[in-house]
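Trainee: Structure: model-v6.pdb, PDB, C-alpha atoms.
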```pdb
ATOM      1  CA  MET A 279      -1.857  36.534  36.298  1.00  0.00           C
ATOM      2  CA  LYS A 280      -1.537  33.485  38.533  1.00  0.00           C
ATOM      3  CA  LYS A 281      -2.615  30.130  37.041  1.00  0.00           C
ATOM      4  CA  ASN A 282      -5.053  28.078  39.081  1.00  0.00           C
ATOM      5  CA  PRO A 283      -3.707  24.480  39.329  1.00  0.00           C
ATOM      6  CA  VAL A 284      -7.233  23.022  39.594  1.00  0.00           C
ATOM      7  CA  ILE A 285      -8.291  24.709  36.360  1.00  0.00           C
ATOM      8  CA  MET A 286      -5.050  23.627  34.657  1.00  0.00           C
ATOM      9  CA  LEU A 287      -5.676  20.017  35.729  1.00  0.00           C
ATOM     10  CA  PHE A 288      -9.269  20.208  34.459  1.00  0.00           C
ATOM     11  CA  VAL A 289      -8.089  21.501  31.062  1.00  0.00           C
ATOM     12  CA  LEU A 290      -5.537  18.693  30.758  1.00  0.00           C
ATOM     13  CA  LEU A 291      -8.092  16.047  31.737  1.00  0.00           C
ATOM     14  CA  ALA A 292     -10.634  17.442  29.291  1.00  0.00           C
ATOM     15  CA  ALA A 293      -8.082  17.356  26.477  1.00  0.00           C
ATOM     16  CA  PHE A 294      -7.238  13.757  27.342  1.00  0.00           C
ATOM     17  CA  CYS A 295     -10.890  12.687  27.546  1.00  0.00           C
ATOM     18  CA  PHE A 296     -11.838  14.270  24.242  1.00  0.00           C
ATOM     19  CA  ALA A 297      -8.800  13.085  22.302  1.00  0.00           C
ATOM     20  CA  GLN A 298     -10.052  10.908  19.495  1.00  0.00           C
ATOM     21  CA  GLU A 299      -8.421   7.565  18.918  1.00  0.00           C
ATOM     22  CA  SER A 300     -10.013   4.822  16.899  1.00  0.00           C
ATOM     23  CA  TRP A 301      -8.918   1.441  15.673  1.00  0.00           C
ATOM     24  CA  LEU A 302      -9.996  -1.505  13.615  1.00  0.00           C
ATOM     25  CA  SER A 303      -8.455  -4.864  14.519  1.00  0.00           C
ATOM     26  CA  ALA A 304      -9.073  -7.956  12.409  1.00  0.00           C
ATOM     27  CA  ASN A 305      -8.847  -9.928  15.677  1.00  0.00           C
ATOM     28  CA  ASP A 306     -12.185  -8.381  16.720  1.00  0.00           C
ATOM     29  CA  LEU A 307     -13.986  -9.437  13.519  1.00  0.00           C
ATOM     30  CA  GLU A 308     -15.791 -12.598  12.501  1.00  0.00           C
ATOM     31  CA  ALA A 309     -14.778 -14.477   9.368  1.00  0.00           C
ATOM     32  CA  ALA A 310     -16.747 -13.300   6.331  1.00  0.00           C
ATOM     33  CA  SER A 311     -16.631 -12.875   2.573  1.00  0.00           C
ATOM     34  CA  LEU A 312     -17.715  -9.284   1.944  1.00  0.00           C
ATOM     35  CA  THR A 313     -19.422  -8.304  -1.317  1.00  0.00           C
ATOM     36  CA  SER A 314     -20.704  -4.932  -0.095  1.00  0.00           C
ATOM     37  CA  ALA A 315     -19.589  -2.225   2.322  1.00  0.00           C
ATOM     38  CA  LYS A 316     -19.431  -3.129   6.016  1.00  0.00           C
ATOM     39  CA  GLU A 317     -19.184  -0.410   8.684  1.00  0.00           C
ATOM     40  CA  ILE A 318     -17.382  -1.293  11.926  1.00  0.00           C
ATOM     41  CA  ASP A 319     -16.825   1.293  14.685  1.00  0.00           C
ATOM     42  CA  GLY A 320     -16.234   4.237  12.349  1.00  0.00           C
ATOM     43  CA  PHE A 321     -14.309   2.280   9.713  1.00  0.00           C
ATOM     44  CA  THR A 322     -15.885   0.979   6.508  1.00  0.00           C
ATOM     45  CA  ILE A 323     -14.534  -2.008   4.628  1.00  0.00           C
ATOM     46  CA  LEU A 324     -15.432  -1.348   0.986  1.00  0.00           C
ATOM     47  CA  ALA A 325     -16.201  -4.355  -1.203  1.00  0.00           C
ATOM     48  CA  THR A 326     -18.335  -5.180  -4.221  1.00  0.00           C
ATOM     49  CA  ALA A 327     -19.640  -8.427  -5.717  1.00  0.00           C
ATOM     50  CA  GLU A 328     -16.874  -8.260  -8.341  1.00  0.00           C
ATOM     51  CA  LYS A 329     -14.126  -6.983  -6.011  1.00  0.00           C
ATOM     52  CA  GLY A 330     -14.688  -8.712  -2.686  1.00  0.00           C
ATOM     53  CA  VAL A 331     -12.767  -8.574   0.587  1.00  0.00           C
ATOM     54  CA  LYS A 332     -12.326 -11.527   2.905  1.00  0.00           C
ATOM     55  CA  ILE A 333     -11.984 -11.553   6.690  1.00  0.00           C
ATOM     56  CA  GLU A 334     -10.364 -14.805   7.747  1.00  0.00           C
ATOM     57  CA  ALA A 335      -8.464 -16.632  10.460  1.00  0.00           C
ATOM     58  CA  MET A 336      -4.826 -17.569   9.882  1.00  0.00           C
ATOM     59  CA  ASP A 337      -3.365 -20.973  10.674  1.00  0.00           C
ATOM     60  CA  ASP A 338      -0.311 -19.317  12.192  1.00  0.00           C
ATOM     61  CA  GLY A 339      -0.402 -15.864  13.751  1.00  0.00           C
ATOM     62  CA  ARG A 340       1.528 -12.741  12.902  1.00  0.00           C
ATOM     63  CA  GLU A 341       3.481 -10.755  15.498  1.00  0.00           C
ATOM     64  CA  ALA A 342       4.430  -7.095  15.032  1.00  0.00           C
ATOM     65  CA  GLU A 343       7.674  -5.584  16.318  1.00  0.00           C
ATOM     66  CA  ASP A 344       5.735  -3.916  19.157  1.00  0.00           C
ATOM     67  CA  GLY A 345       4.435  -7.301  20.380  1.00  0.00           C
ATOM     68  CA  GLU A 346       0.899  -7.126  18.936  1.00  0.00           C
ATOM     69  CA  ILE A 347      -0.236 -10.587  17.845  1.00  0.00           C
ATOM     70  CA  PHE A 348      -2.838 -11.165  15.144  1.00  0.00           C
ATOM     71  CA  THR A 349      -4.780 -14.331  14.370  1.00  0.00           C
ATOM     72  CA  MET A 350      -7.250 -12.787  11.878  1.00  0.00           C
ATOM     73  CA  ARG A 351      -6.713 -10.718   8.745  1.00  0.00           C
ATOM     74  CA  ILE A 352      -8.604  -8.487   6.345  1.00  0.00           C
ATOM     75  CA  LYS A 353      -7.579  -9.848   2.958  1.00  0.00           C
ATOM     76  CA  LEU A 354      -7.931  -7.128   0.311  1.00  0.00           C
ATOM     77  CA  ASN A 355      -7.659  -9.697  -2.534  1.00  0.00           C
ATOM     78  CA  GLY A 356      -6.027  -7.369  -5.068  1.00  0.00           C
ATOM     79  CA  SER A 357      -5.673  -3.782  -6.196  1.00  0.00           C
ATOM     80  CA  GLY A 358      -8.151  -1.322  -4.722  1.00  0.00           C
ATOM     81  CA  ALA A 359      -9.681   2.096  -5.235  1.00  0.00           C
ATOM     82  CA  LEU A 360     -11.851   4.567  -3.320  1.00  0.00           C
ATOM     83  CA  THR A 361     -14.927   2.378  -3.888  1.00  0.00           C
ATOM     84  CA  TYR A 362     -13.708  -1.205  -3.494  1.00  0.00           C
ATOM     85  CA  ARG A 363     -11.064  -3.371  -1.766  1.00  0.00           C
ATOM     86  CA  ALA A 364     -10.384  -0.499   0.625  1.00  0.00           C
ATOM     87  CA  VAL A 365     -10.923   0.628   4.195  1.00  0.00           C
ATOM     88  CA  SER A 366     -12.236   4.151   4.774  1.00  0.00           C
ATOM     89  CA  PHE A 367     -12.256   6.218   7.971  1.00  0.00           C
ATOM     90  CA  LYS A 368     -12.534   9.804   9.149  1.00  0.00           C
ATOM     91  CA  GLY A 369      -9.588  11.614  10.682  1.00  0.00           C
ATOM     92  CA  LYS A 370      -8.334  14.997  11.791  1.00  0.00           C
ATOM     93  CA  LYS A 371      -5.322  17.015  10.741  1.00  0.00           C
ATOM     94  CA  GLY A 372      -2.186  15.858  12.556  1.00  0.00           C
ATOM     95  CA  GLN A 373      -3.528  12.449  13.591  1.00  0.00           C
ATOM     96  CA  LYS A 374      -1.197   9.533  13.037  1.00  0.00           C
ATOM     97  CA  VAL A 375      -2.410   6.461  11.155  1.00  0.00           C
ATOM     98  CA  ILE A 376      -0.622   3.228  12.104  1.00  0.00           C
ATOM     99  CA  VAL A 377      -1.211   0.167   9.924  1.00  0.00           C
ATOM    100  CA  TYR A 378      -0.187  -3.427  10.651  1.00  0.00           C
ATOM    101  CA  LEU A 379       0.066  -5.315   7.367  1.00  0.00           C
ATOM    102  CA  ASN A 380       1.798  -7.763   5.044  1.00  0.00           C
ATOM    103  CA  SER A 381       1.869  -8.359   1.336  1.00  0.00           C
ATOM    104  CA  SER A 382      -0.097 -11.478   0.441  1.00  0.00           C
ATOM    105  CA  SER A 383       2.955 -12.519  -1.598  1.00  0.00           C
ATOM    106  CA  LYS A 384       5.748 -14.716  -0.269  1.00  0.00           C
ATOM    107  CA  THR A 385       8.228 -12.977  -2.626  1.00  0.00           C
ATOM    108  CA  ASP A 386       7.087  -9.397  -3.386  1.00  0.00           C
ATOM    109  CA  ALA A 387       6.565  -6.428  -1.073  1.00  0.00           C
ATOM    110  CA  ARG A 388       3.560  -4.332  -2.063  1.00  0.00           C
ATOM    111  CA  VAL A 389       2.358  -0.770  -1.542  1.00  0.00           C
ATOM    112  CA  LEU A 390      -0.639   0.334   0.515  1.00  0.00           C
ATOM    113  CA  GLN A 391      -1.907   3.760  -0.521  1.00  0.00           C
ATOM    114  CA  LEU A 392      -3.386   6.297   1.896  1.00  0.00           C
ATOM    115  CA  ALA A 393      -5.598   8.657  -0.101  1.00  0.00           C
ATOM    116  CA  ASP A 394      -8.064  11.438   0.641  1.00  0.00           C
ATOM    117  CA  LYS A 395     -11.661  11.463  -0.667  1.00  0.00           C
ATOM    118  CA  ASP A 396     -10.509  13.139  -3.901  1.00  0.00           C
ATOM    119  CA  GLY A 397      -8.046  10.314  -4.597  1.00  0.00           C
ATOM    120  CA  THR A 398      -4.941  12.358  -3.802  1.00  0.00           C
ATOM    121  CA  ILE A 399      -2.258  10.008  -2.461  1.00  0.00           C
ATOM    122  CA  ILE A 400      -1.076  11.208   0.955  1.00  0.00           C
ATOM    123  CA  ALA A 401       1.339   8.376   1.737  1.00  0.00           C
ATOM    124  CA  SER A 402       2.539   5.025   0.490  1.00  0.00           C
ATOM    125  CA  ILE A 403       3.166   2.342   3.109  1.00  0.00           C
ATOM    126  CA  THR A 404       5.234  -0.729   2.282  1.00  0.00           C
ATOM    127  CA  ALA A 405       3.591  -4.066   3.002  1.00  0.00           C
ATOM    128  CA  PRO A 406       6.520  -6.453   3.557  1.00  0.00           C
ATOM    129  CA  VAL A 407       6.570  -9.990   2.167  1.00  0.00           C
ATOM    130  CA  ASP A 408       4.886 -12.691   4.209  1.00  0.00           C
ATOM    131  CA  SER A 409       7.592 -15.344   3.973  1.00  0.00           C
ATOM    132  CA  ASP A 410       9.373 -15.807   7.301  1.00  0.00           C
ATOM    133  CA  PRO A 411       9.024 -19.476   8.322  1.00  0.00           C
ATOM    134  CA  ALA A 412       9.053 -18.641  12.047  1.00  0.00           C
ATOM    135  CA  ALA A 413       5.780 -18.978  13.944  1.00  0.00           C
ATOM    136  CA  PRO A 414       4.248 -16.613  14.620  1.00  0.00           C
ATOM    137  CA  GLN A 415       5.370 -14.882  11.463  1.00  0.00           C
ATOM    138  CA  PRO A 416       6.185 -11.160  11.588  1.00  0.00           C
ATOM    139  CA  ALA A 417       3.621  -8.481  10.749  1.00  0.00           C
ATOM    140  CA  GLY A 418       4.837  -5.293   9.127  1.00  0.00           C
ATOM    141  CA  MET A 419       4.020  -1.821  10.436  1.00  0.00           C
ATOM    142  CA  GLY A 420       3.786   1.522   8.714  1.00  0.00           C
ATOM    143  CA  GLU A 421       2.504   4.966   9.584  1.00  0.00           C
ATOM    144  CA  ALA A 422       1.531   8.317   8.124  1.00  0.00           C
ATOM    145  CA  VAL A 423       0.224  11.664   9.402  1.00  0.00           C
ATOM    146  CA  LEU A 424      -3.076  13.086   8.149  1.00  0.00           C
ATOM    147  CA  PRO A 425      -2.608  16.490   6.462  1.00  0.00           C
ATOM    148  CA  SER A 426      -6.192  17.684   7.025  1.00  0.00           C
ATOM    149  CA  ASP A 427      -9.581  16.801   8.468  1.00  0.00           C
ATOM    150  CA  GLY A 428     -11.645  14.501   6.286  1.00  0.00           C
ATOM    151  CA  GLU A 429     -12.333  11.016   5.010  1.00  0.00           C
ATOM    152  CA  PHE A 430      -9.405   8.799   4.075  1.00  0.00           C
ATOM    153  CA  PHE A 431      -8.933   5.475   2.277  1.00  0.00           C
ATOM    154  CA  LEU A 432      -6.397   2.669   2.517  1.00  0.00           C
ATOM    155  CA  TYR A 433      -6.060   0.336  -0.481  1.00  0.00           C
ATOM    156  CA  SER A 434      -3.465  -1.692  -2.371  1.00  0.00           C
ATOM    157  CA  LYS A 435      -1.759   0.014  -5.276  1.00  0.00           C
ATOM    158  CA  SER A 436      -1.260  -3.354  -6.972  1.00  0.00           C
ATOM    159  CA  SER A 437      -2.129  -6.906  -5.885  1.00  0.00           C
ATOM    160  CA  GLY A 438      -3.138  -8.322  -2.522  1.00  0.00           C
ATOM    161  CA  ILE A 439      -2.347  -6.982   0.933  1.00  0.00           C
ATOM    162  CA  ASN A 440      -3.441  -8.357   4.293  1.00  0.00           C
ATOM    163  CA  LEU A 441      -4.422  -5.835   6.976  1.00  0.00           C
ATOM    164  CA  TYR A 442      -4.313  -6.800  10.649  1.00  0.00           C
ATOM    165  CA  GLN A 443      -4.999  -3.518  12.449  1.00  0.00           C
ATOM    166  CA  ILE A 444      -5.471   0.190  11.735  1.00  0.00           C
ATOM    167  CA  ILE A 445      -5.069   2.787  14.492  1.00  0.00           C
ATOM    168  CA  VAL A 446      -5.907   6.485  14.101  1.00  0.00           C
ATOM    169  CA  GLU A 447      -4.509   8.508  17.016  1.00  0.00           C
TER     170      GLU A 447
END
```
As structure tokens - that is how I would like this structure written.
Mentor:
Amino acid sequence: MKKNPVIMLFVLLAAFCFAQESWLSANDLEAASLTSAKEIDGFTILATAEKGVKIEAMDDGREAEDGEIFTMRIKLNGSGALTYRAVSFKGKKGQKVIVYLNSSSKTDARVLQLADKDGTIIASITAPVDSDPAAPQPAGMGEAVLPSDGEFFLYSKSSGINLYQIIVE
């Protein structure tokens, strides 16, 4: 059977057009102190009155190894869970999650957990220390692959982490 090049091109274009990629960049957000959930383009920043999340500008930017520059951050303000100090999003099996982040500590790296809706930890991403005196300071990067379709959560295992951008591709 001979393959029709026009049909093959259409199939490739359709796959490209329907590929789902989403992202949340702190640079696109306005400064705020969140005390309840805030949905932004398919992502939800989870906060409560007791366990708030802050979106704030930084005096000096952060630059990732791929050249992305960030002037805003989502400050998780401490350990999180599925219901607070977290960011949730939907994803599909095989999608890659890329996170730009730093520990809020100048001396201690911290761990960002990627969990499914049942709380099962899928990956742990290291948030490097935020101590380089160069300006702009470096932003860390980490990634993981989603094992299934569903809702997923990013939160700190222990203490504060600053998030700059999350990409699901």
Trainee: Rank A:Asp344, A:Glu334, A:Glu429, A:Asp386 by their smallest atom-to-atom distance to Phe367 of chain A, using only C-alpha atoms, and report the top residue only.
Mentor: A:Glu429
Trainee: When the PyMOL selection byres ((chain A and resi 300) around 7) is applied to the file above, which residues end up in the set, as a PyMOL selection string?
Mentor: chain A and resi 298-299+301+445-447
Trainee: Print the selection's residues with C-alpha atoms to a file, as a compact mmCIF listing (two decimals), in the frame of the given file.
Mentor:
```txt
# COMPACT_ATOMS: atom_id res chain seq x y z
CA GLN A 298 -10.05 10.91 19.50
CA GLU A 299 -8.42 7.56 18.92
CA TRP A 301 -8.92 1.44 15.67
CA ILE A 445 -5.07 2.79 14.49
CA VAL A 446 -5.91 6.48 14.10
CA GLU A 447 -4.51 8.51 17.02
```
Trainee: Which residues match the PyMOL selection byres ((chain A and resi 307-324) around 12) in the file above, as number ranges by chain?
Mentor: A: 298-306, 325-336, 348-355, 358-369, 429-433, 441-446
Trainee: Please dump the current selection as a short mmCIF file (atom, residue, chain, number, x, y, z; two decimals), keeping the file's coordinate frame; keep C-alpha atoms.
Mentor:
```cif
data_model
loop_
_atom_site.label_atom_id
_atom_site.label_comp_id
_atom_site.auth_asym_id
_atom_site.auth_seq_id
_atom_site.Cartn_x
_atom_site.Cartn_y
_atom_site.Cartn_z
CA GLN A 298 -10.05 10.91 19.50
CA GLU A 299 -8.42 7.56 18.92
CA SER A 300 -10.01 4.82 16.90
CA TRP A 301 -8.92 1.44 15.67
CA LEU A 302 -10.00 -1.50 13.62
CA SER A 303 -8.46 -4.86 14.52
CA ALA A 304 -9.07 -7.96 12.41
CA ASN A 305 -8.85 -9.93 15.68
CA ASP A 306 -12.18 -8.38 16.72
CA ALA A 325 -16.20 -4.36 -1.20
CA THR A 326 -18.34 -5.18 -4.22
CA ALA A 327 -19.64 -8.43 -5.72
CA GLU A 328 -16.87 -8.26 -8.34
CA LYS A 329 -14.13 -6.98 -6.01
CA GLY A 330 -14.69 -8.71 -2.69
CA VAL A 331 -12.77 -8.57 0.59
CA LYS A 332 -12.33 -11.53 2.90
CA ILE A 333 -11.98 -11.55 6.69
CA GLU A 334 -10.36 -14.80 7.75
CA ALA A 335 -8.46 -16.63 10.46
CA MET A 336 -4.83 -17.57 9.88
CA PHE A 348 -2.84 -11.16 15.14
CA THR A 349 -4.78 -14.33 14.37
CA MET A 350 -7.25 -12.79 11.88
CA ARG A 351 -6.71 -10.72 8.74
CA ILE A 352 -8.60 -8.49 6.34
CA LYS A 353 -7.58 -9.85 2.96
CA LEU A 354 -7.93 -7.13 0.31
CA ASN A 355 -7.66 -9.70 -2.53
CA GLY A 358 -8.15 -1.32 -4.72
CA ALA A 359 -9.68 2.10 -5.24
CA LEU A 360 -11.85 4.57 -3.32
CA THR A 361 -14.93 2.38 -3.89
CA TYR A 362 -13.71 -1.20 -3.49
CA ARG A 363 -11.06 -3.37 -1.77
CA ALA A 364 -10.38 -0.50 0.62
CA VAL A 365 -10.92 0.63 4.20
CA SER A 366 -12.24 4.15 4.77
CA PHE A 367 -12.26 6.22 7.97
CA LYS A 368 -12.53 9.80 9.15
CA GLY A 369 -9.59 11.61 10.68
CA GLU A 429 -12.33 11.02 5.01
CA PHE A 430 -9.40 8.80 4.08
CA PHE A 431 -8.93 5.48 2.28
CA LEU A 432 -6.40 2.67 2.52
CA TYR A 433 -6.06 0.34 -0.48
CA LEU A 441 -4.42 -5.84 6.98
CA TYR A 442 -4.31 -6.80 10.65
CA GLN A 443 -5.00 -3.52 12.45
CA ILE A 444 -5.47 0.19 11.74
CA ILE A 445 -5.07 2.79 14.49
CA VAL A 446 -5.91 6.48 14.10
#
```
Trainee: For Ile400 of chain A, which residue among A:Ser383, A:Ala417, A:Val423, A:Lys371 is the nearest when counting only C-alpha atoms?
Mentor: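 Closest residue, counting only C-alpha atoms: A:Val423.
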Trainee: Hey, can you check how far atom CA of Thr404 of chain A sits from atom CA of Arg340 of chain A?
Mentor: 16.5 Å
Trainee: I'd like the contact shell of Ala422 of chain A - 8 Å cut-off, all atoms listed in the file, skipping same-chain residues fewer than 5 positions apart - returned as an mmCIF file with C-alpha atoms, in the frame of the given file.
Mentor:
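Saved the output as around.cif:
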```
data_model
loop_
_atom_site.group_PDB
_atom_site.id
_atom_site.type_symbol
_atom_site.label_atom_id
_atom_site.label_comp_id
_atom_site.auth_asym_id
_atom_site.auth_seq_id
_atom_site.Cartn_x
_atom_site.Cartn_y
_atom_site.Cartn_z
ATOM 1 C CA LYS A 374 -1.197 9.533 13.037
ATOM 2 C CA VAL A 375 -2.410 6.461 11.155
ATOM 3 C CA ILE A 376 -0.622 3.228 12.104
ATOM 4 C CA ALA A 401 1.339 8.376 1.737
ATOM 5 C CA ILE A 403 3.166 2.342 3.109
#
```
Trainee: Take atom CA of Gly420 of chain A and atom CA of Leu379 of chain A and report the distance between them in Å, one decimal.
Mentor: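 About the pair atom CA of Gly420 of chain A and atom CA of Leu379 of chain A: they are 7.9 Å apart.
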Trainee: For the atom pair atom CA of Asp337 of chain A and atom CA of Lys384 of chain A, what is the interatomic distance in Å to one decimal place?
Mentor: 15.6 Å
Trainee: I would like the residues chosen by the PyMOL selection byres ((chain A and resi 438) around 7) on the shown file; could you give them as a short mmCIF file (atom, residue, chain, number, x, y, z; two decimals) with C-alpha atoms, in the coordinates of the input?
Mentor:
```cif
data_model
loop_
_atom_site.label_atom_id
_atom_site.label_comp_id
_atom_site.auth_asym_id
_atom_site.auth_seq_id
_atom_site.Cartn_x
_atom_site.Cartn_y
_atom_site.Cartn_z
CA LEU A 354 -7.93 -7.13 0.31
CA ASN A 355 -7.66 -9.70 -2.53
CA GLY A 356 -6.03 -7.37 -5.07
CA SER A 357 -5.67 -3.78 -6.20
CA SER A 381 1.87 -8.36 1.34
CA SER A 382 -0.10 -11.48 0.44
CA SER A 434 -3.46 -1.69 -2.37
CA SER A 436 -1.26 -3.35 -6.97
CA SER A 437 -2.13 -6.91 -5.88
CA ILE A 439 -2.35 -6.98 0.93
CA ASN A 440 -3.44 -8.36 4.29
#
```
Trainee: Pick the closest to Asp394 of chain A from A:Gly428, A:Gly339, A:Pro416, A:Gly345: which is it, counting all atoms listed in the file?
Mentor: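 Ranked by minimum distance to Asp394 of chain A, first place goes to A:Gly428.
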Trainee: Identify which of the residues A:Lys435, A:Asp338, A:Pro406, A:Leu424 lies closest to Val389 of chain A, counting only C-alpha atoms when measuring atom-to-atom distances.
Mentor: A:Lys435
Trainee: From the list A:Val377, A:Ile347, A:Lys370, A:Arg388, which residue is nearest Gly418 of chain A when using all atoms listed in the file?
Mentor: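 Smallest separation from Gly418 of chain A among the options: A:Val377.
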